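See below for the structure under consideration.
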Amino acid sequence: DEYMLPWVRLHAIKDYYDMAVYMEKYPKIKAVFNVVPSLLVQIEDYVSGKAKDKFLEVTMKAPEELSMDETVFILKNFFMANWETMIKPYSRYNDLLLKRGRFVSPADIYEVAKRFSNQEMADLQVWFNLSWFGQIYKENDPVIKGLIEKGKYFDEEDKKNLIEKQMEVMRLVIPKYKEMQDKGQIEVSVTPFYHPIMPLLCDTDIAKVSSHLIQLPKYRFLHPEDAAHQVNNAVAYYKEKFGVDPQGMWPSEGSVSEDVIPIIASAGIKWIATDEDILANTLGHRLSAQELFKPYSVEKNGSAVNIIFRDRKISDDIGFLYSRWAPFDAATDIVAKLHKIADILPDDGKKYMVSIILDGENAWEYYKDNAKPFFEHLYELISNDHRLQTVRVKDFIAENHPDHRLHNLFPGSWISHNFNVWIGHAEDNTAWDYLYKAREMLVTTENAPKEAWEELYISEGSDWNWWYGDDHS
C-alpha cells in the first residue's frame, strides 16, 4: 500500500476533477472520458486512508524533524513540475528553485541542502503540493486561494489544511463523473482492469505481423483467458461504481488485434477505439476523409464490435502543439480544421464523426492555467457553431449504424501501429519470460493464493514494459 510516486494523487487534484468540471458551464458540449479501473482503485486507496507515498510522508514532517537524506529527497523531487507554468508564476516557489539551482549535481546536493532554512523547507513542502492543484480550486476554494495569496512563511497547520484539501478533491472525482454521465453530458468508457496490452496477452507472436524482424521472447505467451479476465473485471468494477454497464472501451494504448474482438464483444462492450494508422493498414491504402470519419463494425468468429479511429493530427496538436499557442488561437485553429474536414466530406446525407482522442492528463501542465482558458474558448466556439456538434460515441453509433464491416483488423497500437514499446527489446523479452514462468508456476501450484493471481494480473499491466528497453528510461 505504498505508492512509489505521487502522480495518482497529484493528477487527481489537477486534472481528473477539473477536466470534468470545465464542461459543466457548457451544456451543449458532450464528450467521452475514459477511466482505467486500476487508477480509480488507487484514488480510492488514498480517499480511504489506505495509501501512502514517500512524497506525502516527507511533506507532513516538520522541517526540523527531517533527516539530511529526507531534506535532499525534497530538494531533488519537489521541483518535479513544469517550471514555466507551475513554478515560475509563483515568486516564492521560483526563488526556492533558483536557490537550489536549476541544475544541481548529486555530488553538490548535500552541500546545497545545508543552506536551506527550516522555513524555506516548509515553504517548499507546501508549494510542491499547492502548485499541482487545478484551476477550479485555485480560483474558488478559500483555503487554496488563501495559501497562494499568503505565498510564504507556511506552518504545520497550513500543510495539514492543504493535504486535507487534496483528499477532498480526490473524494469528488468518481462521483463527479457518475453525476455527469447520469445527466447525459458525458459518456464514461473503460479500459481493461490493469491496463494490459491485450493482443500480446492473447498471443505474443502477434507482434510479428507489424514488425517482421522483431526478436520475440523465448516463451510464447498465449493466454486469451487472461485478457478476458482483465476485461470482465473492468466491466464489473465499472458497473459497481457507475451503476450501469459500460458501452465503450479504450483498449490500453489503443492496442487491438482480431483475437481481442470476441473477448470484448462477449463482455457486452458495444464500441472500441484506436488510431487511424490501424485502419489504413487494415484497408491497405491511404485513407480518405470519408473512410476515416465514420464508425465500422469489426467481426471475428461470429462476434462483432463497433470501432472508431482517431484523427491523429488534431489529437496530437492538442497534446503537443497548442500549449505553445495563445488559448483563443489554438481553439480557433481546431474549429478551422474541423470546418476543412466538413468541406471535403461528401454531401451524401450521412453524418460523420471526427474522433479526437488523447491522454487525459499529460498535456495540461504545459498549458497556461492548466488549459482552462483553452477549453473555455474551445467549448464556447463549438457551442455557438451551427456546423459542429459534439456527441457521445454511444449516441452517434446508435443513430448512425456502421454500414461497413471489417473482416480483418491490423494488429497494433496507437504508437507506430505496432507493439514495439512493449516487446522485442531484450529487457522487454526477459520480462515476458518471467511473466510466463510465474504464470506456469501458479498453474501448477495446488491452491495457489488468490492474492498471487492478482499480482500476476497486475504484472500484465503495460506500464512495466513501457519503461524497459532503449525507447524509455
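Quick note on naming: the chains in the C-alpha cells go A, B, ... in the order shown, residues restart at 1 in each chain, and ligands are numbered from 1 in order of appearance.
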Discussion item. Env of Ser38 in chain A: 10 Å cut, atoms = only C-alpha atoms, seq-sep filter 5 positions within chain, self excluded. Answer as a PyMOL selection string.
Written reply: chain A and resi 43-44+191-195+234+237+458+461
Item to complete: Assign secondary structure with DSSP using the backbone only, and return the residues of range 275-371 of chain A in alpha helix (DSSP H) as a PyMOL selection string.
Response: chain A and resi 276-283+289-292+312-316+327-344
Fill in: Residue neighbourhood Ala81 in chain A, 10 Å, only C-alpha atoms, exclusion window fewer than 4 positions, as a PyMOL selection string
chain A and resi 77+85-87+128+131-132+365-366
Selection near range 159-166 of chain A, 12 Å with only C-alpha atoms, sequence-local residues under 4 positions removed, as an mmCIF file with N, CA, C and O atoms, in the first residue's frame:
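Result saved to out.cif:
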data_model
loop_
_atom_site.group_PDB
_atom_site.id
_atom_site.type_symbol
_atom_site.label_atom_id
_atom_site.label_comp_id
_atom_site.auth_asym_id
_atom_site.auth_seq_id
_atom_site.Cartn_x
_atom_site.Cartn_y
_atom_site.Cartn_z
ATOM 1 N N PRO A 6 4.013 10.075 -6.619
ATOM 2 C CA PRO A 6 2.797 10.760 -6.164
ATOM 3 C C PRO A 6 1.804 11.096 -7.267
ATOM 4 O O PRO A 6 0.880 11.868 -7.048
ATOM 5 N N VAL A 8 -0.719 9.701 -9.007
ATOM 6 C CA VAL A 8 -2.173 9.495 -8.878
ATOM 7 C C VAL A 8 -2.777 10.635 -8.052
ATOM 8 O O VAL A 8 -3.777 11.247 -8.435
ATOM 9 N N ARG A 9 -2.163 10.912 -6.936
ATOM 10 C CA ARG A 9 -2.671 11.967 -6.042
ATOM 11 C C ARG A 9 -2.614 13.341 -6.722
ATOM 12 O O ARG A 9 -3.593 14.110 -6.689
ATOM 13 N N LEU A 10 -1.501 13.653 -7.366
ATOM 14 C CA LEU A 10 -1.334 14.999 -7.907
ATOM 15 C C LEU A 10 -2.132 15.210 -9.190
ATOM 16 O O LEU A 10 -2.670 16.294 -9.420
ATOM 17 N N HIS A 11 -2.233 14.190 -10.035
ATOM 18 C CA HIS A 11 -3.068 14.351 -11.231
ATOM 19 C C HIS A 11 -4.552 14.352 -10.875
ATOM 20 O O HIS A 11 -5.354 14.968 -11.579
ATOM 21 N N ALA A 12 -4.920 13.674 -9.803
ATOM 22 C CA ALA A 12 -6.328 13.706 -9.382
ATOM 23 C C ALA A 12 -6.745 15.122 -8.997
ATOM 24 O O ALA A 12 -7.830 15.580 -9.351
ATOM 25 N N ILE A 13 -5.862 15.839 -8.290
ATOM 26 C CA ILE A 13 -6.231 17.186 -7.842
ATOM 27 C C ILE A 13 -6.063 18.215 -8.956
ATOM 28 O O ILE A 13 -6.669 19.284 -8.916
ATOM 29 N N LYS A 14 -5.250 17.891 -9.984
ATOM 30 C CA LYS A 14 -5.010 18.863 -11.048
ATOM 31 C C LYS A 14 -5.895 18.622 -12.271
ATOM 32 O O LYS A 14 -6.389 19.566 -12.883
ATOM 33 N N TYR A 17 -10.414 15.874 -11.720
ATOM 34 C CA TYR A 17 -11.591 16.623 -11.290
ATOM 35 C C TYR A 17 -11.862 17.797 -12.242
ATOM 36 O O TYR A 17 -12.968 17.970 -12.747
ATOM 37 N N ILE A 43 -7.048 5.826 -6.435
ATOM 38 C CA ILE A 43 -7.696 7.018 -5.874
ATOM 39 C C ILE A 43 -8.484 6.641 -4.626
ATOM 40 O O ILE A 43 -8.426 7.330 -3.600
ATOM 41 N N TYR A 46 -6.320 6.201 -1.558
ATOM 42 C CA TYR A 46 -5.970 7.467 -0.889
ATOM 43 C C TYR A 46 -7.151 7.992 -0.073
ATOM 44 O O TYR A 46 -6.987 8.401 1.082
ATOM 45 N N VAL A 47 -8.317 7.976 -0.680
ATOM 46 C CA VAL A 47 -9.504 8.525 -0.019
ATOM 47 C C VAL A 47 -9.817 7.767 1.269
ATOM 48 O O VAL A 47 -10.235 8.351 2.270
ATOM 49 N N GLY A 49 -7.673 6.338 3.139
ATOM 50 C CA GLY A 49 -6.552 6.398 4.077
ATOM 51 C C GLY A 49 -5.643 5.193 3.999
ATOM 52 O O GLY A 49 -4.710 5.055 4.790
ATOM 53 N N PHE A 55 6.407 10.974 -0.852
ATOM 54 C CA PHE A 55 6.291 12.417 -1.060
ATOM 55 C C PHE A 55 5.336 13.017 -0.037
ATOM 56 O O PHE A 55 5.581 14.102 0.502
ATOM 57 N N LEU A 56 4.263 12.298 0.244
ATOM 58 C CA LEU A 56 3.301 12.757 1.240
ATOM 59 C C LEU A 56 3.903 12.667 2.647
ATOM 60 O O LEU A 56 3.732 13.560 3.475
ATOM 61 N N GLU A 57 4.615 11.587 2.867
ATOM 62 C CA GLU A 57 5.230 11.353 4.181
ATOM 63 C C GLU A 57 6.211 12.466 4.545
ATOM 64 O O GLU A 57 6.174 13.013 5.655
ATOM 65 N N VAL A 58 7.093 12.837 3.592
ATOM 66 C CA VAL A 58 8.076 13.881 3.910
ATOM 67 C C VAL A 58 7.440 15.265 3.889
ATOM 68 O O VAL A 58 7.956 16.196 4.511
ATOM 69 N N THR A 59 6.306 15.412 3.194
ATOM 70 C CA THR A 59 5.572 16.683 3.247
ATOM 71 C C THR A 59 5.083 16.945 4.663
ATOM 72 O O THR A 59 5.162 18.075 5.169
ATOM 73 N N MET A 60 4.559 15.911 5.317
ATOM 74 C CA MET A 60 3.918 16.087 6.611
ATOM 75 C C MET A 60 4.897 16.153 7.784
ATOM 76 O O MET A 60 4.502 16.420 8.899
ATOM 77 N N LYS A 61 6.180 15.921 7.521
ATOM 78 C CA LYS A 61 7.179 16.037 8.591
ATOM 79 C C LYS A 61 7.555 17.497 8.799
ATOM 80 O O LYS A 61 7.768 18.242 7.830
ATOM 81 N N ALA A 62 7.649 17.907 10.063
ATOM 82 C CA ALA A 62 8.144 19.262 10.351
ATOM 83 C C ALA A 62 9.590 19.353 9.862
ATOM 84 O O ALA A 62 10.357 18.388 10.002
ATOM 85 N N PRO A 63 9.988 20.479 9.282
ATOM 86 C CA PRO A 63 11.340 20.594 8.714
ATOM 87 C C PRO A 63 12.448 20.240 9.701
ATOM 88 O O PRO A 63 13.439 19.619 9.312
ATOM 89 N N MET A 121 12.304 25.157 3.820
ATOM 90 C CA MET A 121 11.874 23.779 3.569
ATOM 91 C C MET A 121 10.355 23.651 3.728
ATOM 92 O O MET A 121 9.688 22.968 2.946
ATOM 93 N N ALA A 122 9.809 24.314 4.742
ATOM 94 C CA ALA A 122 8.353 24.285 4.935
ATOM 95 C C ALA A 122 7.642 24.902 3.732
ATOM 96 O O ALA A 122 6.628 24.372 3.249
ATOM 97 N N ASP A 123 8.176 26.001 3.227
ATOM 98 C CA ASP A 123 7.561 26.641 2.062
ATOM 99 C C ASP A 123 7.639 25.746 0.832
ATOM 100 O O ASP A 123 6.693 25.689 0.034
ATOM 101 N N LEU A 124 8.754 25.033 0.687
ATOM 102 C CA LEU A 124 8.891 24.118 -0.445
ATOM 103 C C LEU A 124 7.929 22.931 -0.306
ATOM 104 O O LEU A 124 7.317 22.498 -1.298
ATOM 105 N N GLN A 125 7.781 22.415 0.905
ATOM 106 C CA GLN A 125 6.821 21.329 1.128
ATOM 107 C C GLN A 125 5.417 21.738 0.691
ATOM 108 O O GLN A 125 4.685 20.962 0.071
ATOM 109 N N VAL A 126 5.044 22.966 1.020
ATOM 110 C CA VAL A 126 3.709 23.444 0.658
ATOM 111 C C VAL A 126 3.604 23.706 -0.839
ATOM 112 O O VAL A 126 2.652 23.277 -1.498
ATOM 113 N N TRP A 127 4.584 24.398 -1.411
ATOM 114 C CA TRP A 127 4.441 24.822 -2.801
ATOM 115 C C TRP A 127 4.374 23.655 -3.779
ATOM 116 O O TRP A 127 3.630 23.704 -4.759
ATOM 117 N N PHE A 128 5.133 22.594 -3.523
ATOM 118 C CA PHE A 128 5.066 21.443 -4.428
ATOM 119 C C PHE A 128 3.649 20.877 -4.466
ATOM 120 O O PHE A 128 3.106 20.585 -5.529
ATOM 121 N N ASN A 129 3.040 20.748 -3.309
ATOM 122 C CA ASN A 129 1.684 20.205 -3.233
ATOM 123 C C ASN A 129 0.631 21.211 -3.680
ATOM 124 O O ASN A 129 -0.418 20.839 -4.205
ATOM 125 N N LEU A 130 0.915 22.496 -3.499
ATOM 126 C CA LEU A 130 -0.041 23.547 -3.838
ATOM 127 C C LEU A 130 -0.087 23.803 -5.342
ATOM 128 O O LEU A 130 -1.167 23.973 -5.928
ATOM 129 N N SER A 131 1.079 23.794 -5.985
ATOM 130 C CA SER A 131 1.111 24.150 -7.408
ATOM 131 C C SER A 131 0.422 23.100 -8.267
ATOM 132 O O SER A 131 0.002 23.398 -9.387
ATOM 133 N N TRP A 132 0.282 21.871 -7.757
ATOM 134 C CA TRP A 132 -0.364 20.816 -8.528
ATOM 135 C C TRP A 132 -1.890 20.893 -8.489
ATOM 136 O O TRP A 132 -2.566 20.151 -9.211
ATOM 137 N N PHE A 133 -2.456 21.754 -7.669
ATOM 138 C CA PHE A 133 -3.917 21.901 -7.692
ATOM 139 C C PHE A 133 -4.369 22.462 -9.036
ATOM 140 O O PHE A 133 -3.678 23.267 -9.665
ATOM 141 N N GLY A 134 -5.556 22.028 -9.472
ATOM 142 C CA GLY A 134 -6.144 22.553 -10.698
ATOM 143 C C GLY A 134 -6.727 23.931 -10.483
ATOM 144 O O GLY A 134 -6.834 24.427 -9.352
ATOM 145 N N TYR A 137 -9.943 24.752 -7.935
ATOM 146 C CA TYR A 137 -9.679 25.014 -6.511
ATOM 147 C C TYR A 137 -8.799 26.241 -6.335
ATOM 148 O O TYR A 137 -8.982 27.001 -5.377
ATOM 149 N N LYS A 138 -7.865 26.473 -7.245
ATOM 150 C CA LYS A 138 -7.017 27.660 -7.111
ATOM 151 C C LYS A 138 -7.827 28.948 -7.195
ATOM 152 O O LYS A 138 -7.523 29.931 -6.535
ATOM 153 N N ASP A 141 -11.555 27.944 -4.170
ATOM 154 C CA ASP A 141 -11.547 27.408 -2.802
ATOM 155 C C ASP A 141 -10.824 28.380 -1.863
ATOM 156 O O ASP A 141 -9.675 28.755 -2.120
ATOM 157 N N PRO A 142 -11.482 28.792 -0.762
ATOM 158 C CA PRO A 142 -10.870 29.792 0.128
ATOM 159 C C PRO A 142 -9.536 29.348 0.721
ATOM 160 O O PRO A 142 -8.611 30.162 0.871
ATOM 161 N N VAL A 143 -9.409 28.060 1.051
ATOM 162 C CA VAL A 143 -8.161 27.582 1.656
ATOM 163 C C VAL A 143 -7.028 27.627 0.640
ATOM 164 O O VAL A 143 -5.936 28.150 0.918
ATOM 165 N N ILE A 144 -7.268 27.097 -0.551
ATOM 166 C CA ILE A 144 -6.208 27.056 -1.567
ATOM 167 C C ILE A 144 -5.887 28.463 -2.058
ATOM 168 O O ILE A 144 -4.714 28.838 -2.201
ATOM 169 N N LYS A 145 -6.919 29.263 -2.303
ATOM 170 C CA LYS A 145 -6.682 30.662 -2.692
ATOM 171 C C LYS A 145 -5.884 31.396 -1.618
ATOM 172 O O LYS A 145 -4.957 32.155 -1.907
ATOM 173 N N GLY A 146 -6.253 31.133 -0.369
ATOM 174 C CA GLY A 146 -5.577 31.803 0.750
ATOM 175 C C GLY A 146 -4.107 31.437 0.851
ATOM 176 O O GLY A 146 -3.259 32.299 1.122
ATOM 177 N N LEU A 147 -3.788 30.182 0.624
ATOM 178 C CA LEU A 147 -2.392 29.751 0.681
ATOM 179 C C LEU A 147 -1.589 30.374 -0.458
ATOM 180 O O LEU A 147 -0.439 30.793 -0.259
ATOM 181 N N ILE A 148 -2.192 30.467 -1.636
ATOM 182 C CA ILE A 148 -1.496 31.092 -2.762
ATOM 183 C C ILE A 148 -1.237 32.565 -2.458
ATOM 184 O O ILE A 148 -0.140 33.089 -2.717
ATOM 185 N N LYS A 152 4.234 32.541 1.393
ATOM 186 C CA LYS A 152 5.400 32.005 2.112
ATOM 187 C C LYS A 152 5.142 32.061 3.610
ATOM 188 O O LYS A 152 4.061 32.443 4.055
ATOM 189 N N TYR A 153 6.132 31.657 4.364
ATOM 190 C CA TYR A 153 6.037 31.558 5.828
ATOM 191 C C TYR A 153 4.917 30.603 6.241
ATOM 192 O O TYR A 153 4.140 30.879 7.156
ATOM 193 N N PHE A 154 4.837 29.475 5.539
ATOM 194 C CA PHE A 154 3.821 28.479 5.857
ATOM 195 C C PHE A 154 4.191 27.719 7.125
ATOM 196 O O PHE A 154 5.369 27.573 7.467
ATOM 197 N N ASP A 155 3.152 27.233 7.827
ATOM 198 C CA ASP A 155 3.381 26.467 9.059
ATOM 199 C C ASP A 155 2.730 25.089 8.938
ATOM 200 O O ASP A 155 2.163 24.736 7.915
ATOM 201 N N MET A 170 -9.946 14.438 -4.186
ATOM 202 C CA MET A 170 -9.914 13.039 -4.614
ATOM 203 C C MET A 170 -11.234 12.331 -4.334
ATOM 204 O O MET A 170 -11.669 11.471 -5.096
ATOM 205 N N ARG A 171 -11.882 12.726 -3.242
ATOM 206 C CA ARG A 171 -13.191 12.130 -2.927
ATOM 207 C C ARG A 171 -14.252 12.511 -3.965
ATOM 208 O O ARG A 171 -15.241 11.811 -4.133
ATOM 209 N N LEU A 172 -14.050 13.635 -4.644
ATOM 210 C CA LEU A 172 -15.052 14.140 -5.584
ATOM 211 C C LEU A 172 -14.939 13.529 -6.972
ATOM 212 O O LEU A 172 -15.878 13.630 -7.772
ATOM 213 N N VAL A 173 -13.800 12.914 -7.292
ATOM 214 C CA VAL A 173 -13.517 12.533 -8.680
ATOM 215 C C VAL A 173 -14.549 11.554 -9.229
ATOM 216 O O VAL A 173 -15.249 11.846 -10.209
#
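What separates CA of Asn370 in chain A from CA of Tyr16 in chain A is a distance of 11.7 Å.
Distance-wise, CA of Thr274 in chain A and CA of Val260 in chain A end up 12.9 Å apart.
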Fill in: Neighbour list for range 244-255 of chain A as a ChimeraX atom specification, cut-off 6 Å, only C-alpha atoms, skip fewer than 3 positions in-chain
/A:189-191,195,197,239,269-274,412-414
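What separates CA of Ser105 in chain A from CA of Asn362 in chain A is a distance of 27.1 Å.
Around Leu40 in chain A, within 9 Å and counting only C-alpha atoms, the residues found are A:Val35, A:Asp45, A:Val173, A:Ile174, once anything fewer than 5 positions away on its own chain is removed.
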Fill in: Residues near His212 in chain A, cut-off 12 Å, only C-alpha atoms, skip fewer than 3 positions along chain, as number ranges by chain
A: 205-209, 215-216, 418-420, 424
Please produce a file of those selected residues containing C-alpha atoms, as a short mmCIF file (atom, residue, chain, number, x, y, z; two decimals), in the first residue's frame.
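Written file, part-v2.cif:
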data_model
loop_
_atom_site.label_atom_id
_atom_site.label_comp_id
_atom_site.auth_asym_id
_atom_site.auth_seq_id
_atom_site.Cartn_x
_atom_site.Cartn_y
_atom_site.Cartn_z
CA ASP A 205 3.59 -13.85 -31.67
CA ILE A 206 1.09 -11.27 -32.99
CA ALA A 207 3.88 -8.67 -32.72
CA LYS A 208 5.48 -10.22 -35.83
CA VAL A 209 2.65 -9.05 -38.09
CA GLN A 215 13.02 -10.63 -31.71
CA LEU A 216 10.39 -12.36 -29.58
CA ASN A 418 2.94 -1.85 -33.66
CA PHE A 419 3.76 -3.25 -30.21
CA ASN A 420 7.49 -2.46 -30.16
CA GLY A 424 11.15 -7.05 -28.76
#
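Distance annotation: of A:Gln389, A:Ile334, A:Glu376, A:Pro196, the residue with the minimal separation from Trp466 in chain A is A:Pro196; atom set is only C-alpha atoms.
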Item to complete: Pick out the closest residue to Val421 in chain A from this set: A:Ser355, A:Thr282, A:Ser473, A:Ser288. Count only C-alpha atoms.
Response: A:Ser473
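Using only C-alpha atoms, the smallest distance between any of A:Gly184, A:Val41, A:Glu460, A:Glu149 and Tyr90 in chain A comes from A:Glu149.
With only C-alpha atoms as the atoms that count, the minimum distance from Ile318 in chain A to the choices A:Tyr296, A:Tyr3, A:Phe33, A:Phe374 is reached by A:Phe374.
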Can you list every residue of range 354-441 of chain A that has an atom at most 9 Å from range 298-317 of chain A, with its nearest atom pair and the distance in Å to one decimal, using only C-alpha atoms, ordered by chain then number, as a Markdown table?
| residue | atom | partner | partner_atom | distance |
| --- | --- | --- | --- | --- |
| A:Val354 | CA | A:Asp311 | CA | 6.5 |
| A:Ser355 | CA | A:Arg310 | CA | 4.6 |
| A:Ile356 | CA | A:Ser315 | CA | 5.1 |
| A:Ile357 | CA | A:Ser315 | CA | 5.6 |
| A:Leu358 | CA | A:Ser315 | CA | 5.9 |
| A:Val393 | CA | A:Ile308 | CA | 8.8 |
| A:Ile397 | CA | A:Asn306 | CA | 8.0 |
| A:Pro402 | CA | A:Asn306 | CA | 7.5 |
| A:His404 | CA | A:Val298 | CA | 8.6 |
| A:Arg405 | CA | A:Val298 | CA | 5.5 |
| A:Leu406 | CA | A:Val298 | CA | 4.6 |
| A:His407 | CA | A:Glu299 | CA | 5.6 |
| A:Asn408 | CA | A:Val298 | CA | 7.2 |
| A:Leu409 | CA | A:Val298 | CA | 7.4 |
Would you mind exporting the chosen residues as a PDB file, in the first residue's frame, restricted to C-alpha atoms?
ATOM      1  CA  VAL A 354     -14.168  13.198 -36.072  1.00  0.00           C
ATOM      2  CA  SER A 355     -12.687  11.288 -33.128  1.00  0.00           C
ATOM      3  CA  ILE A 356     -10.285  13.396 -31.066  1.00  0.00           C
ATOM      4  CA  ILE A 357      -8.583  11.086 -28.566  1.00  0.00           C
ATOM      5  CA  LEU A 358      -5.578  11.789 -26.327  1.00  0.00           C
ATOM      6  CA  VAL A 393     -19.856   7.837 -29.109  1.00  0.00           C
ATOM      7  CA  ILE A 397     -23.382   4.779 -33.199  1.00  0.00           C
ATOM      8  CA  PRO A 402     -21.946   1.368 -39.213  1.00  0.00           C
ATOM      9  CA  HIS A 404     -19.150  -1.148 -43.375  1.00  0.00           C
ATOM     10  CA  ARG A 405     -17.891  -4.326 -41.704  1.00  0.00           C
ATOM     11  CA  LEU A 406     -14.173  -5.073 -41.376  1.00  0.00           C
ATOM     12  CA  HIS A 407     -13.452  -8.801 -41.701  1.00  0.00           C
ATOM     13  CA  ASN A 408      -9.824  -8.366 -40.693  1.00  0.00           C
ATOM     14  CA  LEU A 409      -8.065  -5.948 -38.325  1.00  0.00           C
TER      15      LEU A 409
END
Worksheet entry | All strand (DSSP E or B) residues (DSSP, backbone) inside range 41-195 of chain A, as a ChimeraX atom specification | /A:52-53,186-190
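Comparing the minimum interatomic distances between Pro27 in chain A and each of A:Glu380, A:Glu451, A:Glu156, A:Asp433, counting only C-alpha atoms, we find that A:Glu380 sits nearest.
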